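Engineer: Sharing run-v1.pdb here; it has PDB, C-alpha atoms.
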```
ATOM      1  CA  LEU O 269     170.711   5.492  23.566
ATOM      2  CA  ILE O 270     169.385   8.394  21.527
ATOM      3  CA  GLN O 271     170.483  11.964  22.233
ATOM      4  CA  SER O 272     167.422  13.645  20.724
ATOM      5  CA  SER O 273     164.370  13.804  22.972
ATOM      6  CA  SER O 274     162.182  14.134  19.868
ATOM      7  CA  ALA O 275     163.598  10.939  18.375
ATOM      8  CA  THR O 276     163.208   9.185  21.698
ATOM      9  CA  MET O 277     159.606  10.405  21.932
ATOM     10  CA  MET O 278     158.840   9.052  18.443
ATOM     11  CA  THR O 279     160.482   5.701  19.236
ATOM     12  CA  THR O 280     158.617   5.503  22.540
ATOM     13  CA  LEU O 281     155.298   6.343  20.868
ATOM     14  CA  ALA O 282     155.932   3.578  18.303
ATOM     15  CA  ALA O 283     156.760   1.063  21.065
ATOM     16  CA  LEU O 284     153.677   2.132  23.032
ATOM     17  CA  ASN O 285     151.495   1.776  19.930
ATOM     18  CA  ALA O 286     152.893  -1.728  19.329
ATOM     19  CA  ASN O 287     152.138  -2.631  22.979
ATOM     20  CA  LEU O 288     155.827  -3.146  23.697
ATOM     21  CA  LEU O 289     155.632  -0.631  26.553
ATOM     22  CA  THR O 290     153.053   0.227  29.153
ATOM     23  CA  LEU O 291     151.970   3.835  29.490
ATOM     24  CA  PRO O 292     153.831   4.246  32.832
ATOM     25  CA  GLY O 293     156.993   2.747  31.300
ATOM     26  CA  ALA O 294     156.715   5.012  28.272
ATOM     27  CA  ALA O 295     156.164   8.014  30.549
ATOM     28  CA  ALA O 296     159.347   7.186  32.491
ATOM     29  CA  ILE O 297     161.315   6.968  29.223
ATOM     30  CA  VAL O 298     159.968  10.363  28.136
ATOM     31  CA  ILE O 299     161.062  11.893  31.461
ATOM     32  CA  GLY O 300     164.555  10.456  30.991
ATOM     33  CA  ALA O 301     164.754  11.715  27.409
ATOM     34  CA  ASP O 302     163.691  15.170  28.561
ATOM     35  CA  LEU O 303     166.623  15.268  30.972
ATOM     36  CA  GLY O 304     169.047  13.575  28.588
ATOM     37  CA  THR O 305     168.641  16.265  25.971
ATOM     38  CA  THR O 306     170.217  18.815  28.323
ATOM     39  CA  ILE O 307     173.591  17.126  27.890
ATOM     40  CA  THR O 308     173.858  18.639  24.398
ATOM     41  CA  ALA O 309     173.476  22.147  25.802
ATOM     42  CA  LEU O 310     175.968  21.481  28.598
ATOM     43  CA  LEU O 311     178.567  20.121  26.172
ATOM     44  CA  GLY O 312     177.977  23.038  23.803
ATOM     45  CA  ALA O 313     178.608  25.508  26.604
ATOM     46  CA  ILE O 314     182.073  24.196  27.432
ATOM     47  CA  GLY O 315     184.495  26.996  26.748
ATOM     48  CA  GLY O 316     181.654  29.279  25.703
ATOM     49  CA  SER O 317     180.636  32.705  26.860
ATOM     50  CA  SER O 318     179.092  33.403  30.226
ATOM     51  CA  ALA O 319     175.652  33.780  28.623
ATOM     52  CA  LYS O 320     176.009  30.419  26.874
ATOM     53  CA  LYS O 321     176.989  28.708  30.131
ATOM     54  CA  GLN O 322     174.121  30.357  32.006
ATOM     55  CA  THR O 323     171.626  29.253  29.345
ATOM     56  CA  ALA O 324     172.903  25.677  29.421
ATOM     57  CA  MET O 325     172.790  25.593  33.215
ATOM     58  CA  ALA O 326     169.281  27.069  33.244
ATOM     59  CA  HIS O 327     168.155  24.410  30.747
ATOM     60  CA  PHE O 328     169.712  21.626  32.785
ATOM     61  CA  SER O 329     168.411  22.952  36.129
ATOM     62  CA  PHE O 330     164.870  23.438  34.844
ATOM     63  CA  ASN O 331     164.767  19.970  33.296
ATOM     64  CA  PHE O 332     166.430  18.279  36.261
ATOM     65  CA  ILE O 333     163.990  19.755  38.768
ATOM     66  CA  THR O 334     160.930  19.339  36.552
ATOM     67  CA  ASP O 335     161.844  15.793  35.539
ATOM     68  CA  SER O 336     162.620  14.773  39.131
ATOM     69  CA  ILE O 337     159.208  16.000  40.239
ATOM     70  CA  ALA O 338     157.554  14.293  37.251
ATOM     71  CA  LEU O 339     159.267  11.009  38.141
ATOM     72  CA  ILE O 340     158.254  11.270  41.788
ATOM     73  CA  LEU O 341     154.680  12.159  40.801
ATOM     74  CA  LEU O 342     154.523   9.763  37.833
ATOM     75  CA  LYS O 343     151.411   7.875  38.915
ATOM     76  CA  PRO O 344     149.380  10.907  40.056
ATOM     77  CA  LEU O 345     150.303  12.833  36.888
ATOM     78  CA  LEU O 346     149.344   9.901  34.675
ATOM     79  CA  PHE O 347     146.086   9.516  36.600
ATOM     80  CA  PHE O 348     145.349  13.218  36.037
ATOM     81  CA  VAL O 349     146.120  13.008  32.304
ATOM     82  CA  LEU O 350     143.978   9.891  31.888
ATOM     83  CA  LEU O 351     141.168  11.480  33.898
ATOM     84  CA  VAL O 352     141.185  14.659  31.796
ATOM     85  CA  PHE O 353     141.940  13.214  28.364
ATOM     86  CA  GLY O 354     140.621   9.664  28.653
ATOM     87  CA  GLU O 355     142.194   6.247  28.373
ATOM     88  CA  LYS O 356     141.214   5.449  24.795
ATOM     89  CA  GLU O 357     144.293   6.979  23.172
ATOM     90  CA  PRO O 358     147.524   6.006  24.974
ATOM     91  CA  LEU O 359     149.645   7.841  22.366
ATOM     92  CA  PHE O 360     147.761  11.076  22.957
ATOM     93  CA  SER O 361     147.921  10.458  26.715
ATOM     94  CA  LEU O 362     151.710  10.130  26.585
ATOM     95  CA  VAL O 363     152.069  13.365  24.630
ATOM     96  CA  MET O 364     149.730  15.128  27.058
ATOM     97  CA  PHE O 365     151.688  13.693  30.001
ATOM     98  CA  HIS O 366     154.889  15.193  28.579
ATOM     99  CA  SER O 367     153.226  18.554  27.950
ATOM    100  CA  THR O 368     151.559  18.546  31.374
ATOM    101  CA  PHE O 369     154.731  18.040  33.401
ATOM    102  CA  ASN O 370     156.585  20.671  31.367
ATOM    103  CA  ILE O 371     153.766  23.195  31.838
ATOM    104  CA  LEU O 372     153.659  22.428  35.562
ATOM    105  CA  GLY O 373     157.443  22.905  35.679
ATOM    106  CA  MET O 374     157.143  26.315  34.021
ATOM    107  CA  LEU O 375     154.431  27.350  36.462
ATOM    108  CA  ALA O 376     156.551  26.155  39.389
ATOM    109  CA  PHE O 377     159.585  28.149  38.165
ATOM    110  CA  LEU O 378     157.687  31.321  37.317
ATOM    111  CA  PRO O 379     157.645  32.868  40.835
ATOM    112  CA  PHE O 380     161.386  32.234  41.226
ATOM    113  CA  LEU O 381     162.706  33.494  37.878
ATOM    114  CA  GLY O 382     164.414  36.577  39.341
ATOM    115  CA  THR O 383     166.124  34.584  42.083
ATOM    116  CA  PHE O 384     167.041  31.842  39.613
ATOM    117  CA  ALA O 385     168.570  34.387  37.208
ATOM    118  CA  ARG O 386     170.584  35.995  40.012
ATOM    119  CA  LEU O 387     171.909  32.592  41.122
ATOM    120  CA  LEU O 388     172.970  31.793  37.574
ATOM    121  CA  GLU O 389     174.710  35.156  37.244
ATOM    122  CA  GLN O 390     176.443  34.673  40.585
ATOM    123  CA  TYR O 391     177.630  31.095  40.084
ATOM    124  CA  VAL O 392     177.983  30.943  36.312
ATOM    125  CA  GLY O 393     179.029  34.546  35.767
ATOM    126  CA  GLU O 394     181.901  35.950  33.775
ATOM    127  CA  LYS O 395     185.203  35.433  35.502
ATOM    128  CA  PRO O 396     187.467  38.372  34.685
ATOM    129  CA  SER O 397     190.841  37.263  33.474
ATOM    130  CA  THR O 398     193.709  38.922  31.709
ATOM    131  CA  LEU O 399     196.733  37.549  29.971
ATOM    132  CA  THR O 400     198.798  40.525  30.966
ATOM    133  CA  LYS O 401     200.160  41.584  34.285
ATOM    134  CA  TYR O 402     201.105  45.228  33.667
ATOM    135  CA  ILE O 403     199.842  46.654  30.392
ATOM    136  CA  HIS O 404     196.121  46.302  31.114
ATOM    137  CA  LYS O 405     196.525  48.592  34.140
ATOM    138  CA  VAL O 406     197.986  51.495  32.156
ATOM    139  CA  ASN O 407     195.997  54.392  30.730
ATOM    140  CA  PRO O 408     196.548  54.213  26.937
ATOM    141  CA  HIS O 409     197.004  57.999  26.823
ATOM    142  CA  MET O 410     200.092  57.810  29.043
ATOM    143  CA  ALA O 411     202.715  56.786  26.472
ATOM    144  CA  GLU O 412     205.753  56.614  28.774
ATOM    145  CA  ALA O 413     203.958  54.450  31.317
ATOM    146  CA  ALA O 414     202.610  52.228  28.534
ATOM    147  CA  VAL O 415     206.077  51.694  27.072
ATOM    148  CA  GLU O 416     207.473  50.784  30.494
ATOM    149  CA  ALA O 417     204.583  48.366  31.112
ATOM    150  CA  LEU O 418     205.128  46.824  27.681
ATOM    151  CA  LYS O 419     208.823  46.256  28.477
ATOM    152  CA  LYS O 420     207.806  44.466  31.702
ATOM    153  CA  GLU O 421     205.290  42.328  29.784
ATOM    154  CA  ILE O 422     207.935  41.353  27.225
ATOM    155  CA  ARG O 423     210.356  40.336  30.011
ATOM    156  CA  LEU O 424     207.623  38.187  31.559
ATOM    157  CA  LEU O 425     206.824  36.617  28.203
ATOM    158  CA  VAL O 426     210.481  35.820  27.491
ATOM    159  CA  ASN O 427     210.847  34.285  30.970
ATOM    160  CA  ASP O 428     207.713  32.168  30.399
ATOM    161  CA  VAL O 429     208.996  30.977  27.010
ATOM    162  CA  VAL O 430     212.374  30.045  28.471
ATOM    163  CA  GLU O 431     210.684  28.241  31.383
ATOM    164  CA  CYS O 432     208.414  26.290  29.008
ATOM    165  CA  ASN O 433     211.361  25.269  26.839
ATOM    166  CA  LEU O 434     213.393  24.167  29.842
ATOM    167  CA  GLN O 435     210.511  22.007  31.019
ATOM    168  CA  ALA O 436     209.714  20.699  27.520
ATOM    169  CA  TYR O 437     213.304  19.549  26.987
ATOM    170  CA  SER O 438     213.676  18.267  30.564
ATOM    171  CA  ILE O 439     216.566  20.617  31.184
ATOM    172  CA  LYS O 440     215.132  21.781  34.454
TER     173      LYS O 440
END
```
Kindly present the structure from the file in C-alpha coordinates form.

Structural biologist:
Amino acid sequence: LIQSSSATMMTTLAALNANLLTLPGAAAIVIGADLGTTITALLGAIGGSSAKKQTAMAHFSFNFITDSIALILLKPLLFFVLLVFGEKEPLFSLVMFHSTFNILGMLAFLPFLGTFARLLEQYVGEKPSTLTKYIHKVNPHMAEAAVEALKKEIRLLVNDVVECNLQAYSIK
(Lines of atoms letter the chains of each structure in order from A and count residues from 1; the text may use other names and numbers.)
(Lines give C-alpha, C1' and ligand atoms only; values in the text may rest on other atoms or scores of the structure.)
Protein backbone atom coordinates (compact mmCIF):
# COMPACT_ATOMS: atom_id res chain seq x y z
CA LEU A 1 0.00 0.00 0.00
CA ILE A 2 2.89 2.33 0.73
CA GLN A 3 5.93 2.48 -1.55
CA SER A 4 8.35 3.81 1.06
CA SER A 5 9.83 1.21 3.39
CA SER A 6 10.49 3.97 5.94
CA ALA A 7 6.84 5.02 5.93
CA THR A 8 5.77 1.41 6.18
CA MET A 9 8.17 0.88 9.09
CA MET A 10 6.72 3.90 10.93
CA THR A 11 3.15 2.74 10.30
CA THR A 12 4.03 -0.78 11.42
CA LEU A 13 5.73 0.52 14.58
CA ALA A 14 2.61 2.58 15.37
CA ALA A 15 0.34 -0.45 14.84
CA LEU A 16 2.65 -2.61 16.97
CA ASN A 17 2.66 0.01 19.73
CA ALA A 18 -1.15 0.14 19.65
CA ASN A 19 -1.27 -3.68 19.90
CA LEU A 20 -2.92 -3.94 16.50
CA LEU A 21 -0.14 -6.27 15.31
CA THR A 22 1.87 -9.01 16.91
CA LEU A 23 5.65 -8.82 16.72
CA PRO A 24 5.82 -11.71 14.19
CA GLY A 25 3.14 -10.04 12.03
CA ALA A 26 4.96 -6.71 12.19
CA ALA A 27 8.23 -8.44 11.30
CA ALA A 28 6.62 -10.02 8.22
CA ILE A 29 5.32 -6.59 7.12
CA VAL A 30 8.80 -5.10 7.52
CA ILE A 31 10.28 -7.88 5.35
CA GLY A 32 7.68 -7.18 2.66
CA ALA A 33 8.33 -3.43 2.80
CA ASP A 34 12.05 -4.06 2.47
CA LEU A 35 11.45 -5.95 -0.77
CA GLY A 36 8.74 -3.60 -2.01
CA THR A 37 11.04 -0.61 -1.95
CA THR A 38 13.18 -2.18 -4.68
CA ILE A 39 10.39 -1.59 -7.20
CA THR A 40 11.26 2.13 -7.22
CA ALA A 41 14.84 1.37 -8.25
CA LEU A 42 13.72 -1.10 -10.91
CA LEU A 43 11.25 1.38 -12.41
CA GLY A 44 13.87 4.14 -12.30
CA ALA A 45 16.31 1.98 -14.23
CA ILE A 46 14.01 1.44 -17.19
CA GLY A 47 15.69 2.98 -20.18
CA GLY A 48 18.66 4.01 -18.06
CA SER A 49 22.34 3.38 -18.42
CA SER A 50 23.95 0.02 -17.88
CA ALA A 51 25.28 1.14 -14.49
CA LYS A 52 21.80 2.26 -13.41
CA LYS A 53 20.29 -1.08 -14.44
CA GLN A 54 23.05 -3.01 -12.67
CA THR A 55 22.54 -1.01 -9.47
CA ALA A 56 18.78 -1.56 -9.55
CA MET A 57 19.23 -5.28 -10.18
CA ALA A 58 21.81 -5.55 -7.40
CA HIS A 59 19.40 -3.79 -5.02
CA PHE A 60 16.54 -6.06 -6.00
CA SER A 61 18.65 -9.25 -5.88
CA PHE A 62 20.15 -8.43 -2.49
CA ASN A 63 16.76 -7.60 -0.99
CA PHE A 64 15.00 -10.55 -2.60
CA ILE A 65 17.53 -13.06 -1.30
CA THR A 66 17.91 -11.44 2.11
CA ASP A 67 14.16 -10.99 2.58
CA SER A 68 13.41 -14.56 1.46
CA ILE A 69 15.87 -15.90 4.02
CA ALA A 70 14.46 -13.56 6.69
CA LEU A 71 10.93 -14.80 5.95
CA ILE A 72 11.99 -18.44 6.08
CA LEU A 73 13.92 -17.83 9.31
CA LEU A 74 11.36 -15.43 10.81
CA LYS A 75 10.81 -17.29 14.07
CA PRO A 76 14.47 -18.12 14.77
CA LEU A 77 15.54 -14.55 13.95
CA LEU A 78 12.86 -13.09 16.21
CA PHE A 79 13.86 -15.52 18.96
CA PHE A 80 17.49 -14.38 18.60
CA VAL A 81 16.55 -10.68 18.70
CA LEU A 82 14.33 -11.18 21.75
CA LEU A 83 17.03 -13.24 23.45
CA VAL A 84 19.71 -10.60 22.86
CA PHE A 85 17.67 -7.43 23.30
CA GLY A 86 14.85 -8.57 25.58
CA GLU A 87 11.10 -8.71 25.26
CA LYS A 88 10.23 -5.53 27.13
CA GLU A 89 10.39 -3.22 24.12
CA PRO A 90 8.61 -4.67 21.07
CA LEU A 91 9.25 -1.49 19.05
CA PHE A 92 12.99 -1.73 19.66
CA SER A 93 12.84 -5.47 18.95
CA LEU A 94 11.22 -4.85 15.57
CA VAL A 95 13.86 -2.29 14.61
CA MET A 96 16.61 -4.66 15.74
CA PHE A 97 14.98 -7.50 13.78
CA HIS A 98 15.10 -5.36 10.62
CA SER A 99 18.71 -4.37 11.24
CA THR A 100 19.72 -7.94 12.10
CA PHE A 101 18.42 -9.53 8.91
CA ASN A 102 19.97 -6.79 6.77
CA ILE A 103 23.35 -7.19 8.50
CA LEU A 104 23.15 -10.96 8.09
CA GLY A 105 22.31 -10.43 4.40
CA MET A 106 25.37 -8.23 3.94
CA LEU A 107 27.58 -10.80 5.64
CA ALA A 108 26.12 -13.56 3.46
CA PHE A 109 26.77 -11.55 0.27
CA LEU A 110 30.27 -10.40 1.20
CA PRO A 111 32.17 -13.53 0.05
CA PHE A 112 30.35 -13.48 -3.30
CA LEU A 113 30.64 -9.80 -4.25
CA GLY A 114 33.11 -10.39 -7.10
CA THR A 115 31.02 -13.18 -8.61
CA PHE A 116 27.84 -11.16 -8.10
CA ALA A 117 29.38 -8.12 -9.83
CA ARG A 118 30.54 -10.25 -12.77
CA LEU A 119 27.06 -11.77 -13.16
CA LEU A 120 25.50 -8.32 -13.18
CA GLU A 121 27.99 -7.11 -15.78
CA GLN A 122 27.38 -10.19 -17.91
CA TYR A 123 23.57 -10.20 -17.78
CA VAL A 124 22.83 -6.52 -17.31
CA GLY A 125 25.75 -5.16 -19.30
CA GLU A 126 25.82 -2.54 -22.00
CA LYS A 127 24.43 -3.83 -25.25
CA PRO A 128 26.28 -2.15 -28.11
CA SER A 129 23.93 -0.69 -30.65
CA THR A 130 24.27 1.76 -33.48
CA LEU A 131 21.73 3.63 -35.50
CA THR A 132 23.92 3.53 -38.55
CA LYS A 133 24.86 0.71 -40.82
CA TYR A 134 27.85 2.13 -42.71
CA ILE A 135 29.19 5.40 -41.33
CA HIS A 136 30.23 4.08 -37.91
CA LYS A 137 32.61 1.63 -39.62
CA VAL A 138 34.56 4.32 -41.49
CA ASN A 139 37.75 5.96 -40.26
CA PRO A 140 36.91 9.69 -39.96
CA HIS A 141 40.26 10.58 -41.54
CA MET A 142 39.31 8.84 -44.80
CA ALA A 143 37.13 11.53 -46.39
CA GLU A 144 36.22 9.71 -49.62
CA ALA A 145 35.15 6.57 -47.79
CA ALA A 146 33.19 8.66 -45.28
CA VAL A 147 31.32 10.48 -48.03
CA GLU A 148 30.43 7.19 -49.73
CA ALA A 149 29.25 5.72 -46.41
CA LEU A 150 27.19 8.84 -45.74
CA LYS A 151 25.49 8.50 -49.15
CA LYS A 152 24.59 4.88 -48.30
CA GLU A 153 23.22 5.97 -44.90
CA ILE A 154 21.08 8.66 -46.54
CA ARG A 155 19.66 6.12 -49.03
CA LEU A 156 18.79 3.81 -46.13
CA LEU A 157 17.18 6.66 -44.22
CA VAL A 158 15.09 7.74 -47.22
CA ASN A 159 13.98 4.12 -47.77
CA ASP A 160 13.01 3.82 -44.09
CA VAL A 161 11.03 7.07 -44.22
CA VAL A 162 9.19 5.98 -47.36
CA GLU A 163 8.47 2.56 -45.81
CA CYS A 164 7.12 4.17 -42.61
CA ASN A 165 4.88 6.51 -44.59
CA LEU A 166 3.55 3.69 -46.73
CA GLN A 167 2.68 1.71 -43.61
CA ALA A 168 1.28 4.75 -41.76
CA TYR A 169 -1.09 5.58 -44.62
CA SER A 170 -1.95 1.92 -45.28
CA ILE A 171 -0.67 2.18 -48.83
CA LYS A 172 1.32 -0.98 -48.52

Engineer: Considering all atoms listed in the file, give me a table of residues in range 315-343 of chain O that are at most 12 Å from range 381-386 of chain O, with the closest atom pair and distance in Å for each, as CSV.

Structural biologist:
```
residue,atom,partner,partner_atom,distance
O:Ala319,CA,O:Ala385,CA,11.1
O:Gln322,CA,O:Ala385,CA,8.6
O:Thr323,CA,O:Ala385,CA,9.9
O:Met325,CA,O:Ala385,CA,10.5
O:Ala326,CA,O:Phe384,CA,8.3
O:His327,CA,O:Phe384,CA,11.6
O:Ser329,CA,O:Phe384,CA,9.6
O:Phe330,CA,O:Phe384,CA,9.9
```

Engineer: Would you mind listing what lies within 10 Å of Ile337 in chain O as a PyMOL selection string, with only C-alpha atoms counted and same-chain residues fewer than 5 positions away left out?

Structural biologist: chain O and resi 299+331-332+342+369+372-373

Engineer: Using only C-alpha atoms, pick whichever of O:Ile340, O:Gly316, O:Thr290, O:Leu418 has the shortest atom-to-atom distance to Ser361 in chain O.

Structural biologist: O:Thr290

Engineer: Could you tell me which residues the PyMOL selection byres ((chain O and resi 403) around 10) grabs in this file, written as a ChimeraX atom specification?

Structural biologist: /O:398-402,404-408,413-421

Engineer: Specify as a PyMOL selection string each residue included when the PyMOL selection byres ((chain O and resi 359) around 9) is applied to this file.

Structural biologist: chain O and resi 281-282+284-285+291+357-358+360-364

Engineer: Mind giving me the straight-line distance from CA of Ala301 in chain O to CA of Ile333 in chain O in Å, one decimal?

Structural biologist: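 Result for CA of Ala301 in chain O versus CA of Ile333 in chain O: 13.9 Å, one decimal.
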
Engineer: Rounded to one decimal place, report the CA of Leu345 in chain O-CA of Ile297 in chain O distance in Å.

Structural biologist: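 Value for the CA of Leu345 in chain O-CA of Ile297 in chain O distance: 14.6 Å.
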
Engineer: Counting all atoms listed in the file, figure out which residue out of O:Leu425, O:Ala295, O:Leu341, O:Leu289 gets nearest to His366 in chain O.

Structural biologist: O:Ala295

Engineer: I would like the residues chosen by the PyMOL selection byres ((chain O and resi 276) around 12) on the shown file; could you give them as an MDAnalysis selection string?

Structural biologist: chainID O and resid 269:275 277:284 294:305

Engineer: Which distance in Å separates CA of Ser367 in chain O and CA of Thr306 in chain O, to one decimal?

Structural biologist: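 Taking CA of Ser367 in chain O as the start and CA of Thr306 in chain O as the end point, the length is 17.0 Å.
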
Engineer: For Lys321 in chain O, which residue out of O:Met410, O:Leu388, O:Ala436, O:Val429 is the nearest one, using all atoms listed in the file?

Structural biologist: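 Among the listed residues, the smallest separation from Lys321 in chain O belongs to O:Leu388.
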
Engineer: Can you work out which one of O:Leu375, O:Glu355, O:Ala309, O:Leu346 has the shortest atom-to-atom distance to Thr334 in chain O, counting all atoms listed in the file?

Structural biologist: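 Looking only at the distances to Thr334 in chain O, the closest residue turns out to be O:Leu375.
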
Engineer: Point out the residue among O:His409, O:Asp335, O:Phe328, O:Ile439 with the least atom-to-atom distance to Ile371 in chain O, counting only C-alpha atoms.

Structural biologist: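 Closest to Ile371 in chain O of all the choices is O:Asp335.
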